[in-house]
$ cat model-v9.txt   # compact mmCIF, C-alpha atoms
# COMPACT_ATOMS: atom_id res chain seq x y z
CA MET A 1 0.00 0.00 0.00
CA ASN A 2 3.03 2.24 -0.10
CA ILE A 3 3.96 4.40 -2.99
CA ASN A 4 7.40 3.20 -4.01
CA LEU A 5 9.56 2.41 -6.99
CA THR A 6 6.71 0.31 -8.39
CA LEU A 7 5.14 3.59 -9.50
CA PHE A 8 7.93 4.33 -11.97
CA ALA A 9 8.24 0.72 -13.00
CA GLN A 10 4.54 0.72 -13.80
CA MET A 11 4.87 3.93 -15.77
CA ILE A 12 7.65 2.40 -17.83
CA ALA A 13 5.73 -0.84 -18.35
CA PHE A 14 2.65 1.12 -19.37
CA ALA A 15 4.63 3.23 -21.82
CA VAL A 16 6.23 0.12 -23.32
CA PHE A 17 2.86 -1.57 -23.79
CA VAL A 18 1.39 1.54 -25.40
CA HIS A 19 4.43 1.76 -27.66
CA PHE A 20 4.05 -1.86 -28.74
CA CYS A 21 0.33 -1.49 -29.28
CA MET A 22 0.84 1.66 -31.32
CA ASN A 23 3.50 0.18 -33.57
CA TYR A 24 2.61 -3.47 -34.01
CA VAL A 25 -1.01 -4.00 -33.02
CA TRP A 26 -3.15 -1.05 -33.94
CA PRO A 27 -2.05 -0.14 -37.51
CA PRO A 28 -2.48 -3.57 -39.19
CA ILE A 29 -5.87 -4.19 -37.61
CA VAL A 30 -7.20 -0.75 -38.46
CA LYS A 31 -5.80 -1.07 -41.97
CA ALA A 32 -7.56 -4.39 -42.43
CA LEU A 33 -10.78 -2.86 -41.15
CA ALA A 34 -10.48 0.04 -43.57
CA GLU A 35 -9.69 -2.35 -46.41
CA ARG A 36 -12.73 -4.42 -45.63
CA LYS A 37 -14.81 -1.26 -45.52
CA THR A 38 -13.71 -0.26 -49.01
CA LYS A 39 -14.25 -3.83 -50.18
CA ILE A 40 -17.79 -3.79 -48.89
CA ALA A 41 -18.39 -0.38 -50.42
CA GLU A 42 -17.11 -1.64 -53.76
CA GLY A 43 -19.27 -4.71 -53.52
CA LEU A 44 -22.32 -2.61 -52.78
CA ALA A 45 -21.51 -0.29 -55.68
CA ALA A 46 -21.10 -3.29 -57.99
CA ALA A 47 -24.42 -4.66 -56.83
CA GLU A 48 -26.01 -1.29 -57.48
CA ARG A 49 -24.46 -1.21 -60.96
CA GLY A 50 -25.75 -4.70 -61.63
CA HIS A 51 -29.17 -3.56 -60.54
CA GLN A 52 -29.09 -0.63 -62.93
CA GLU A 53 -27.83 -2.82 -65.75
CA LYS A 54 -30.62 -5.25 -65.12
CA ALA A 55 -33.16 -2.45 -65.26
CA LEU A 56 -31.60 -1.19 -68.49
CA GLY A 57 -31.68 -4.69 -69.96
CA GLU A 58 -35.30 -5.08 -69.00
CA LYS A 59 -36.13 -1.79 -70.64
CA HIS A 60 -34.24 -2.84 -73.75
CA ALA A 61 -36.05 -6.16 -73.84
CA LEU A 62 -39.38 -4.40 -73.51
CA GLU A 63 -38.51 -2.13 -76.42
CA LEU A 64 -37.51 -5.11 -78.52
CA MET A 65 -40.76 -6.82 -77.68
CA LYS A 66 -42.71 -3.73 -78.59
CA GLU A 67 -40.90 -3.49 -81.92
CA ALA A 68 -41.50 -7.14 -82.62
CA LYS A 69 -45.17 -6.73 -81.84
CA ALA A 70 -45.41 -3.72 -84.13
CA SER A 71 -43.70 -5.50 -87.02
CA ALA A 72 -45.84 -8.59 -86.45
CA SER A 73 -49.02 -6.54 -86.67
CA ASP A 74 -47.56 -4.86 -89.75
CA ILE A 75 -46.99 -8.21 -91.36
CA VAL A 76 -50.46 -9.37 -90.44
CA GLY A 77 -51.94 -6.19 -91.93
CA GLN A 78 -49.99 -6.62 -95.13
CA ALA A 79 -51.03 -10.23 -95.34
CA GLN A 80 -54.68 -9.29 -94.90
CA LYS A 81 -54.36 -6.63 -97.57
CA ARG A 82 -52.74 -9.14 -99.89
CA ALA A 83 -55.47 -11.65 -99.13
CA THR A 84 -58.23 -9.20 -100.00
CA GLU A 85 -56.34 -8.31 -103.15
CA ILE A 86 -56.12 -11.96 -104.13
CA VAL A 87 -59.82 -12.44 -103.41
CA GLU A 88 -60.57 -9.36 -105.49
CA GLU A 89 -58.42 -10.62 -108.37
CA ALA A 90 -60.09 -14.01 -108.20
CA LYS A 91 -63.47 -12.34 -108.30
CA ASN A 92 -62.47 -10.31 -111.38
CA ASP A 93 -61.09 -13.41 -113.08
CA ALA A 94 -64.25 -15.31 -112.34
CA ARG A 95 -66.37 -12.49 -113.64
CA ALA A 96 -64.35 -12.29 -116.89
CA GLU A 97 -64.52 -16.06 -117.31
CA GLY A 98 -68.27 -15.93 -116.80
CA ASP A 99 -68.61 -13.20 -119.39
CA ARG A 100 -66.53 -15.22 -121.81
CA LEU A 101 -68.66 -18.30 -121.24
CA VAL A 102 -71.85 -16.31 -121.72
CA ALA A 103 -70.49 -14.84 -124.96
CA ALA A 104 -69.47 -18.28 -126.21
CA ALA A 105 -72.91 -19.64 -125.39
CA GLN A 106 -74.60 -16.77 -127.18
CA ALA A 107 -72.42 -17.36 -130.24
CA GLU A 108 -73.35 -21.03 -130.13
CA ILE A 109 -76.99 -20.12 -129.89
CA GLU A 110 -76.62 -17.75 -132.83
CA ARG A 111 -74.98 -20.46 -134.85
CA GLU A 112 -77.65 -23.00 -133.99
CA ALA A 113 -80.35 -20.50 -134.91
CA ASN A 114 -78.69 -19.81 -138.24
CA ARG A 115 -78.46 -23.51 -139.02
CA ALA A 116 -82.07 -24.01 -138.08
CA ARG A 117 -83.03 -21.12 -140.32
CA GLU A 118 -81.01 -22.65 -143.17
CA ASP A 119 -82.73 -25.98 -142.61
CA LEU A 120 -86.07 -24.31 -142.45
CA ARG A 121 -85.36 -22.39 -145.62
CA GLU A 122 -84.48 -25.54 -147.50
CA ARG A 123 -87.52 -27.31 -146.18
CA VAL A 124 -89.79 -24.39 -147.03
CA ALA A 125 -88.36 -24.35 -150.54
CA THR A 126 -88.92 -28.07 -150.87
CA LEU A 127 -92.42 -27.75 -149.42
CA ALA A 128 -93.21 -24.79 -151.62
CA ILE A 129 -92.00 -26.63 -154.64
CA ALA A 130 -93.91 -29.67 -153.60
CA ALA A 131 -97.04 -27.54 -153.10
CA ALA A 132 -96.45 -25.71 -156.31
CA GLU A 133 -95.88 -29.04 -158.01
CA LYS A 134 -99.22 -30.24 -156.75
CA ILE A 135 -100.99 -27.05 -157.78
CA LEU A 136 -99.30 -26.62 -161.06
CA GLN A 137 -98.81 -30.26 -162.02
CA LYS A 138 -100.82 -29.88 -165.04
CA GLU A 139 -100.07 -26.43 -166.24
CA ILE A 140 -96.44 -26.07 -165.36
CA ASP A 141 -93.59 -28.04 -166.60
CA VAL A 142 -91.15 -28.70 -163.76
CA ASP A 143 -88.09 -28.32 -165.80
CA THR A 144 -89.10 -24.99 -167.33
CA HIS A 145 -90.21 -23.24 -164.20
CA ARG A 146 -87.68 -24.66 -161.78
CA SER A 147 -85.32 -21.69 -162.04
CA ILE A 148 -88.11 -19.26 -161.25
CA VAL A 149 -89.16 -21.17 -158.16
CA ASP A 150 -85.58 -21.49 -156.92
CA ALA A 151 -85.09 -17.76 -157.30
CA PHE A 152 -88.25 -17.22 -155.39
CA ALA A 153 -87.21 -19.59 -152.63
CA LYS A 154 -83.90 -17.87 -152.19
CA GLN A 155 -85.65 -14.71 -151.18
CA LEU A 156 -86.96 -16.39 -148.08
CA MET B 1 3.32 -11.10 12.31
CA SER B 2 3.14 -14.44 14.15
CA ALA B 3 1.17 -17.53 13.25
CA SER B 4 -1.43 -16.93 15.95
CA GLU B 5 -2.10 -13.44 14.61
CA MET B 6 -2.87 -14.93 11.22
CA LEU B 7 -5.94 -16.63 12.60
CA THR B 8 -7.67 -13.41 13.49
CA SER B 9 -9.87 -11.61 11.01
CA GLN B 10 -7.72 -8.54 11.16
CA GLY B 11 -4.59 -10.54 10.40
CA TYR B 12 -6.31 -12.28 7.52
CA ILE B 13 -7.40 -9.00 5.98
CA GLN B 14 -4.05 -7.38 6.51
CA HIS B 15 -2.29 -10.35 4.97
CA HIS B 16 -4.39 -9.94 1.88
CA LEU B 17 -3.73 -6.22 1.64
CA THR B 18 0.06 -6.45 1.85
CA ASN B 19 2.15 -6.47 -1.27
CA LEU B 20 5.05 -8.79 -1.87
CA THR B 21 7.61 -6.02 -1.44
CA LEU B 22 11.23 -6.39 -2.36
CA GLY B 23 13.61 -3.77 -1.08
CA VAL B 24 16.29 -2.80 1.39
CA HIS B 25 15.08 -2.78 4.99
CA PRO B 26 17.10 -0.52 7.30
CA GLU B 27 17.57 -3.37 9.79
CA HIS B 28 17.19 -6.62 7.84
CA GLY B 29 18.94 -5.56 4.68
CA PHE B 30 17.94 -6.51 1.13
CA GLY B 31 15.05 -8.96 0.79
CA PHE B 32 11.30 -9.41 0.89
CA ALA B 33 9.37 -7.57 3.58
CA HIS B 34 7.93 -9.91 6.24
CA SER B 35 5.09 -7.61 7.22
CA SER B 36 3.31 -4.51 6.02
CA ALA B 37 5.21 -2.50 8.62
CA GLU B 38 8.52 -3.68 7.21
CA ALA B 39 7.32 -2.87 3.71
CA ALA B 40 6.52 0.65 4.86
CA GLN B 41 9.95 0.99 6.48
CA MET B 42 11.61 0.13 3.21
CA GLY B 43 10.54 3.53 1.97
CA PHE B 44 10.54 4.54 -1.66
CA TRP B 45 13.31 2.28 -2.90
CA ALA B 46 11.32 -0.92 -2.86
CA ILE B 47 9.30 -2.65 -5.48
CA ASN B 48 6.02 -4.55 -5.30
CA VAL B 49 6.97 -7.74 -7.09
CA ASP B 50 3.42 -9.11 -7.23
CA THR B 51 2.03 -5.95 -8.80
CA MET B 52 4.81 -5.87 -11.36
CA PHE B 53 4.52 -9.60 -12.10
CA PHE B 54 0.80 -9.70 -12.69
CA SER B 55 0.56 -6.40 -14.55
CA ILE B 56 3.40 -7.28 -16.89
CA LEU B 57 2.11 -10.83 -17.33
CA LEU B 58 -1.30 -9.51 -18.33
CA GLY B 59 0.17 -6.75 -20.48
CA VAL B 60 2.31 -9.26 -22.32
CA LEU B 61 -0.73 -11.51 -22.69
CA PHE B 62 -2.61 -8.59 -24.22
CA ILE B 63 0.20 -7.66 -26.61
CA TRP B 64 0.84 -11.31 -27.50
CA PHE B 65 -2.78 -12.06 -28.32
CA PHE B 66 -3.46 -8.85 -30.20
CA LYS B 67 -0.16 -8.93 -32.06
CA GLY B 68 -0.81 -12.53 -33.06
CA VAL B 69 -4.07 -11.44 -34.60
CA ALA B 70 -2.51 -8.33 -36.15
CA GLU B 71 0.12 -10.44 -37.91
CA ARG B 72 -2.37 -12.65 -39.72
CA VAL B 73 -5.09 -10.05 -40.03
CA THR B 74 -7.09 -10.23 -43.22
CA ALA B 75 -9.52 -7.90 -44.91
CA GLY B 76 -11.50 -10.94 -45.98
CA VAL B 77 -13.60 -13.15 -43.75
CA PRO B 78 -12.17 -12.90 -40.21
CA ASP B 79 -11.71 -15.95 -37.99
CA GLY B 80 -12.94 -16.08 -34.40
CA ALA B 81 -9.94 -14.43 -32.73
CA GLN B 82 -9.79 -11.69 -35.34
CA ASN B 83 -13.50 -11.10 -35.00
CA PHE B 84 -13.09 -10.69 -31.25
CA VAL B 85 -10.13 -8.34 -31.61
CA GLU B 86 -11.89 -6.33 -34.30
CA TRP B 87 -14.89 -6.00 -32.05
CA ILE B 88 -12.75 -4.43 -29.31
CA VAL B 89 -10.75 -2.30 -31.75
CA ASP B 90 -13.94 -1.06 -33.35
CA PHE B 91 -15.39 -0.25 -29.95
CA VAL B 92 -12.28 1.72 -28.93
CA GLU B 93 -12.04 3.47 -32.28
CA GLU B 94 -15.67 4.52 -32.07
CA ASN B 95 -15.06 6.04 -28.65
CA VAL B 96 -11.95 7.84 -29.82
CA ARG B 97 -13.76 9.19 -32.86
CA GLY B 98 -16.63 10.35 -30.71
CA SER B 99 -14.57 12.11 -28.04
CA PHE B 100 -11.30 13.07 -29.66
CA SER B 101 -11.43 15.82 -32.24
CA GLY B 102 -7.70 16.33 -32.84
CA LYS B 103 -5.36 14.31 -35.00
CA ASN B 104 -2.98 12.07 -33.14
CA PRO B 105 -2.26 8.47 -34.15
CA MET B 106 -1.23 7.66 -30.58
CA VAL B 107 -4.53 8.24 -28.84
CA ALA B 108 -6.44 5.25 -30.17
CA PRO B 109 -3.72 2.64 -29.43
CA LEU B 110 -3.28 4.25 -26.03
CA ALA B 111 -6.99 3.92 -25.37
CA LEU B 112 -6.96 0.30 -26.52
CA THR B 113 -4.02 -0.53 -24.28
CA ILE B 114 -5.65 1.12 -21.29
CA PHE B 115 -9.00 -0.57 -21.84
CA VAL B 116 -7.70 -4.10 -22.31
CA TRP B 117 -4.89 -3.92 -19.81
CA VAL B 118 -6.99 -2.41 -17.03
CA PHE B 119 -9.78 -4.85 -17.81
CA LEU B 120 -7.42 -7.82 -17.56
CA MET B 121 -5.88 -6.59 -14.32
CA ASN B 122 -9.35 -6.01 -12.88
CA LEU B 123 -10.45 -9.41 -14.09
CA MET B 124 -8.00 -11.06 -11.70
CA ASP B 125 -10.39 -9.92 -8.98
CA LEU B 126 -12.82 -12.62 -10.06
CA LEU B 127 -10.37 -15.37 -9.14
CA PRO B 128 -11.15 -16.80 -5.70
CA VAL B 129 -9.54 -14.39 -3.31
CA ASP B 130 -7.37 -17.03 -1.57
CA LEU B 131 -6.48 -19.21 -4.54
CA LEU B 132 -3.23 -17.73 -5.83
CA PRO B 133 -1.96 -16.36 -2.48
CA TYR B 134 -2.50 -19.80 -0.91
CA LEU B 135 -0.80 -21.67 -3.73
CA PHE B 136 2.08 -19.21 -3.70
CA GLY B 137 2.40 -19.55 0.08
CA GLN B 138 2.53 -23.35 -0.20
CA PHE B 139 5.05 -23.05 -3.00
CA MET B 140 7.28 -20.80 -0.89
CA ALA B 141 6.83 -23.17 2.04
CA VAL B 142 8.24 -25.96 -0.09
CA LEU B 143 11.23 -23.69 -0.74
CA GLY B 144 11.62 -23.22 3.00
CA GLY B 145 9.77 -19.96 3.58
CA ASN B 146 7.09 -19.18 6.10
CA PRO B 147 3.77 -18.94 4.22
CA HIS B 148 2.52 -16.43 6.77
CA HIS B 149 5.15 -13.99 5.70
CA VAL B 150 4.61 -14.54 2.00
CA PHE B 151 2.27 -11.98 0.55
CA LEU B 152 0.65 -11.89 -2.84
CA ARG B 153 -1.82 -9.40 -4.22
CA VAL B 154 -3.23 -10.69 -7.43
CA VAL B 155 -5.15 -7.61 -8.55
CA SER B 156 -2.61 -5.04 -9.68
CA THR B 157 -5.16 -2.24 -9.87
CA THR B 158 -5.69 -2.47 -6.11
CA ASP B 159 -2.14 -1.22 -5.78
CA PRO B 160 -2.10 2.59 -6.03
CA ASN B 161 1.33 2.33 -7.64
CA ALA B 162 -0.23 0.78 -10.71
CA THR B 163 -3.16 3.16 -11.03
CA PHE B 164 -1.04 6.23 -10.28
CA GLY B 165 1.59 4.96 -12.68
CA MET B 166 -0.91 4.92 -15.51
CA ALA B 167 -2.58 8.16 -14.46
CA LEU B 168 0.76 9.97 -14.21
CA THR B 169 1.80 8.73 -17.65
CA VAL B 170 -1.47 10.03 -19.05
CA PHE B 171 -0.92 13.29 -17.17
CA LEU B 172 2.56 13.66 -18.67
CA MET B 173 1.06 13.16 -22.11
CA VAL B 174 -1.59 15.77 -21.36
CA LEU B 175 1.13 18.24 -20.35
CA TYR B 176 3.28 17.35 -23.36
CA TYR B 177 0.51 17.79 -25.89
CA SER B 178 -0.81 20.90 -24.15
CA PHE B 179 2.56 22.55 -24.60
CA LYS B 180 3.01 21.14 -28.09
CA VAL B 181 -0.39 22.13 -29.48
CA LYS B 182 -1.12 25.35 -27.64
CA GLY B 183 2.46 26.47 -27.26
CA ILE B 184 3.92 27.52 -23.89
CA GLY B 185 2.19 30.88 -24.00
CA GLY B 186 -1.13 29.40 -25.03
CA PHE B 187 -1.09 26.77 -22.31
CA LEU B 188 -0.01 29.22 -19.60
CA GLY B 189 -2.63 31.64 -20.86
CA GLU B 190 -5.24 28.97 -20.56
CA LEU B 191 -4.16 28.36 -16.99
CA THR B 192 -4.09 32.01 -15.94
CA LEU B 193 -6.41 34.09 -18.12
CA GLN B 194 -9.72 32.31 -17.65
CA PRO B 195 -12.37 32.25 -16.41
CA PHE B 196 -12.00 35.70 -14.78
CA GLY B 197 -9.81 37.57 -17.22
CA LYS B 198 -6.32 38.88 -16.57
CA TRP B 199 -7.19 40.80 -13.38
CA GLY B 200 -8.29 37.61 -11.68
CA MET B 201 -5.06 35.84 -12.42
CA PRO B 202 -4.39 34.28 -8.98
CA ALA B 203 -7.93 32.96 -8.79
CA ASN B 204 -7.66 31.67 -12.33
CA LEU B 205 -4.42 29.91 -11.63
CA LEU B 206 -5.87 28.34 -8.50
CA LEU B 207 -8.99 27.09 -10.27
CA GLU B 208 -7.28 25.89 -13.44
CA GLY B 209 -4.38 24.41 -11.48
CA ILE B 210 -6.73 22.40 -9.31
CA SER B 211 -8.70 21.27 -12.32
CA LEU B 212 -5.49 20.24 -14.08
CA LEU B 213 -4.06 18.37 -11.09
CA SER B 214 -7.36 16.72 -10.32
CA LYS B 215 -7.22 14.89 -13.65
CA PRO B 216 -4.53 12.30 -12.82
CA LEU B 217 -5.65 12.18 -9.20
CA SER B 218 -9.25 11.37 -10.07
CA LEU B 219 -8.18 8.88 -12.74
CA ALA B 220 -5.92 6.97 -10.38
CA LEU B 221 -8.07 7.18 -7.26
CA ARG B 222 -11.30 6.21 -9.01
CA LEU B 223 -9.85 3.00 -10.37
CA PHE B 224 -7.90 2.22 -7.22
CA GLY B 225 -10.85 2.96 -4.95
CA ASN B 226 -13.30 0.85 -6.87
CA MET B 227 -11.01 -2.13 -7.17
CA TYR B 228 -9.75 -1.87 -3.60
CA ALA B 229 -13.29 -1.74 -2.25
CA GLY B 230 -14.34 -4.62 -4.47
CA GLU B 231 -11.47 -6.75 -3.29
CA MET B 232 -12.14 -5.81 0.31
CA ILE B 233 -15.69 -7.05 -0.01
CA PHE B 234 -14.45 -10.35 -1.46
CA ILE B 235 -12.09 -10.64 1.52
CA LEU B 236 -14.89 -9.86 3.98
CA ILE B 237 -17.14 -12.43 2.33
CA ALA B 238 -14.29 -14.93 2.51
CA LEU B 239 -14.23 -14.37 6.30
CA LEU B 240 -17.66 -16.02 6.48
CA TYR B 241 -16.22 -19.38 5.44
CA GLY B 242 -15.15 -21.93 7.96
CA GLY B 243 -18.03 -21.24 10.37
CA SER B 244 -21.40 -22.98 10.45
CA VAL B 245 -23.11 -24.45 7.39
CA VAL B 246 -25.45 -21.47 7.24
CA LEU B 247 -22.51 -19.08 7.12
CA ASN B 248 -20.79 -21.12 4.44
CA VAL B 249 -23.87 -21.19 2.22
CA THR B 250 -24.48 -17.49 2.81
CA GLY B 251 -20.85 -16.73 1.98
CA GLY B 252 -21.05 -18.76 -1.22
CA LEU B 253 -24.21 -16.98 -2.30
CA LEU B 254 -22.83 -13.56 -1.44
CA GLN B 255 -19.61 -14.25 -3.26
CA PHE B 256 -21.48 -15.33 -6.36
CA VAL B 257 -23.74 -12.28 -6.31
CA TRP B 258 -20.84 -9.91 -5.72
CA ALA B 259 -18.76 -11.56 -8.45
CA VAL B 260 -21.59 -11.14 -10.97
CA PHE B 261 -21.97 -7.52 -9.97
CA HIS B 262 -18.22 -7.09 -10.09
CA ILE B 263 -18.10 -8.13 -13.74
CA LEU B 264 -19.98 -4.92 -14.43
CA ILE B 265 -17.67 -2.86 -12.23
CA ILE B 266 -14.39 -4.09 -13.70
CA THR B 267 -15.58 -3.47 -17.25
CA LEU B 268 -17.02 -0.10 -16.34
CA GLN B 269 -13.84 1.02 -14.59
CA ALA B 270 -11.68 0.01 -17.55
CA PHE B 271 -14.07 1.86 -19.83
CA ILE B 272 -14.13 4.99 -17.65
CA PHE B 273 -10.35 5.10 -17.44
CA MET B 274 -10.15 4.84 -21.24
CA VAL B 275 -12.83 7.46 -21.95
CA LEU B 276 -11.42 9.96 -19.45
CA THR B 277 -7.96 9.54 -20.93
CA ILE B 278 -9.37 10.28 -24.38
CA VAL B 279 -11.27 13.30 -23.07
CA TYR B 280 -8.25 14.71 -21.22
CA LEU B 281 -6.06 14.31 -24.30
CA ASP B 282 -8.78 15.91 -26.40
CA MET B 283 -8.76 18.91 -24.07
CA ALA B 284 -4.98 19.05 -24.39
CA HIS B 285 -5.33 19.17 -28.18
CA GLN B 286 -7.91 21.91 -28.29
CA GLU B 287 -6.71 25.39 -29.08
CA HIS B 288 -8.59 28.30 -27.59
CA HIS B 289 -8.51 31.54 -29.48
$ encode --input "model-v9.txt" --output "structure tokens"
Amino acid sequence: MNINLTLFAQMIAFAVFVHFCMNYVWPPIVKALAERKTKIAEGLAAAERGHQEKALGEKHALELMKEAKASASDIVGQAQKRATEIVEEAKNDARAEGDRLVAAAQAEIEREANRAREDLRERVATLAIAAAEKILQKEIDVDTHRSIVDAFAKQL
Amino acid sequence: MSASEMLTSQGYIQHHLTNLTLGVHPEHGFGFAHSSAEAAQMGFWAINVDTMFFSILLGVLFIWFFKGVAERVTAGVPDGAQNFVEWIVDFVEENVRGSFSGKNPMVAPLALTIFVWVFLMNLMDLLPVDLLPYLFGQFMAVLGGNPHHVFLRVVSTTDPNATFGMALTVFLMVLYYSFKVKGIGGFLGELTLQPFGKWGMPANLLLEGISLLSKPLSLALRLFGNMYAGEMIFILIALLYGGSVVLNVTGGLLQFVWAVFHILIITLQAFIFMVLTIVYLDMAHQEHH
């Protein structure tokens, strides 16, 4: 309990311990702590960057999707237009073909009518001659009047 | 002190409060003091071997453990020991950053040394109060000594030499940095020109001088007083043993309760010593204009 030389010995011991702590203990530990701090900060910054890049990528992807949708609807529109065009063309073709068929049929009819008329004409001539023969059997000589009757028949 | 005296309570307490003092006695010459009276007669030129031994042992333990960690310290994932050390270093650094506004690379290591060293020295108080003194006495008896004259105080901070040693070192640093930062004129001005201005110089000097000198005194006496009182209570509780069963059980309970409470005290005292040191050095670094 007496104050004695221990006091100075303790002061020296204390100073030595502080000196050791200051030179060999404190700096490396604090340096490591600071290093870890920067490491963590860098990691956080990298994570933040990654986050932003992800957001950017998502935005980009959305834009791409939008573009794709737009071009798809474009293509669909063009296809529909083309389809209506084709239908229209087909309709026109069909109409023309129909007209052609009608015209051909009419020509056929015309031809048939003409032939019938020709037939009829010949028959009428024959009938007329036959009738005239009957009427004129006695008075008219067939050979002499034949040319007159033929000329007459041709006027039919 | 005779063997019969040792059986009294007073002798028991006194035995526990006497340091193992090595010095030159005016009558018995160089050697260990055989009683507290002899230790006192040795005067200034004696040394408390137990205080020195335990404080240096614990200081070396502190430096050894922390230096071991510092050598393989990594900024990556820390292992258990590094985690523990970093926890303490972080705690000290936070306190220094909070209380110390100047720039001095010595303050934080100083604070760390104080905190851990004082804590370790205080921690010895939690060892059973008779354990090491008894073992040491038996050991000396084997070597031919009288165990009743062999003293051992395990808790260095109950020796005012240790607490005053630290407080005086801190005080010297306060003086050194006061002169260095403020200059001689600035520091003397601080001591003499406030709070009453230059016409109240004697009063100023008295007030500021007392406040300056009270710093190491309060540092040393606070730690010493707390640890001394704590140890004294352990000793008094230990006196209960050896009586009836009721006394033994009561003593055991009391010792447990006091030890648990003491864990708080030893940590708190180490912390207070550290924080006050930081604050005093901060005041030494502050320039008044």
$ interface_residues --input "model-v9.txt" --of "chain A" --to "chain B" --cutoff "10 Å" --atoms "all atoms listed in the file" --output "MDAnalysis selection string"
chainID A and resid 1:40
$ atom_distance --input "model-v9.txt" --atom1 "CA of Val96 in chain B" --atom2 "CA of Gly43 in chain A"
27.8 Å
$ atom_distance --input "model-v9.txt" --atom1 "CA of Leu191 in chain B" --atom2 "CA of Glu208 in chain B"
5.3 Å
$ atom_distance --input "model-v9.txt" --atom1 "CA of Phe271 in chain B" --atom2 "CA of Phe115 in chain B"
6.0 Å
$ residues_around --input "model-v9.txt" --residues "Gly102 in chain B" --least-positions-apart "4" --cutoff "9 Å" --atoms "all atoms listed in the file" --output "number ranges by chain"
B: 281-282, 285-286
$ closest_residue --input "model-v9.txt" --among "A:Leu156, A:Lys91, A:Asp74, A:Leu136" --to "Arg123 in chain A" --atoms "only C-alpha atoms"
A:Leu156
$ axis_aligned_box --input "model-v9.txt" --around "range 74-80 of chain A" --padding-each-side "6 Å" --output "AutoDock Vina command-line options"
--center_x -50.8 --center_y -7.5 --center_z -92.5 --size_x 19.7 --size_y 17.4 --size_z 17.6
$ residues_near_point --input "model-v9.txt" --point "(-90.5, -26.9, -156.7)" --cutoff "12 Å" --atoms "only C-alpha atoms" --output "tab-separated table (two decimals) with C-alpha atoms, in the coordinates of the input"
chain	number	residue	atom	x	y	z
A	122	GLU	CA	-84.48	-25.54	-147.50
A	123	ARG	CA	-87.52	-27.31	-146.18
A	124	VAL	CA	-89.79	-24.39	-147.03
A	125	ALA	CA	-88.36	-24.35	-150.54
A	126	THR	CA	-88.92	-28.07	-150.87
A	127	LEU	CA	-92.42	-27.75	-149.42
A	128	ALA	CA	-93.21	-24.79	-151.62
A	129	ILE	CA	-92.00	-26.63	-154.64
A	130	ALA	CA	-93.91	-29.67	-153.60
A	131	ALA	CA	-97.04	-27.54	-153.10
A	132	ALA	CA	-96.45	-25.71	-156.31
A	133	GLU	CA	-95.88	-29.04	-158.01
A	134	LYS	CA	-99.22	-30.24	-156.75
A	135	ILE	CA	-100.99	-27.05	-157.78
A	136	LEU	CA	-99.30	-26.62	-161.06
A	137	GLN	CA	-98.81	-30.26	-162.02
A	140	ILE	CA	-96.44	-26.07	-165.36
A	141	ASP	CA	-93.59	-28.04	-166.60
A	142	VAL	CA	-91.15	-28.70	-163.76
A	143	ASP	CA	-88.09	-28.32	-165.80
A	144	THR	CA	-89.10	-24.99	-167.33
A	145	HIS	CA	-90.21	-23.24	-164.20
A	146	ARG	CA	-87.68	-24.66	-161.78
A	147	SER	CA	-85.32	-21.69	-162.04
A	148	ILE	CA	-88.11	-19.26	-161.25
A	149	VAL	CA	-89.16	-21.17	-158.16
A	150	ASP	CA	-85.58	-21.49	-156.92
A	151	ALA	CA	-85.09	-17.76	-157.30
A	152	PHE	CA	-88.25	-17.22	-155.39
A	153	ALA	CA	-87.21	-19.59	-152.63
$ closest_residue --input "model-v9.txt" --among "B:Gly183, B:Gly137, B:Gly242, B:Gly145" --to "His15 in chain B" --atoms "all atoms listed in the file"
B:Gly137
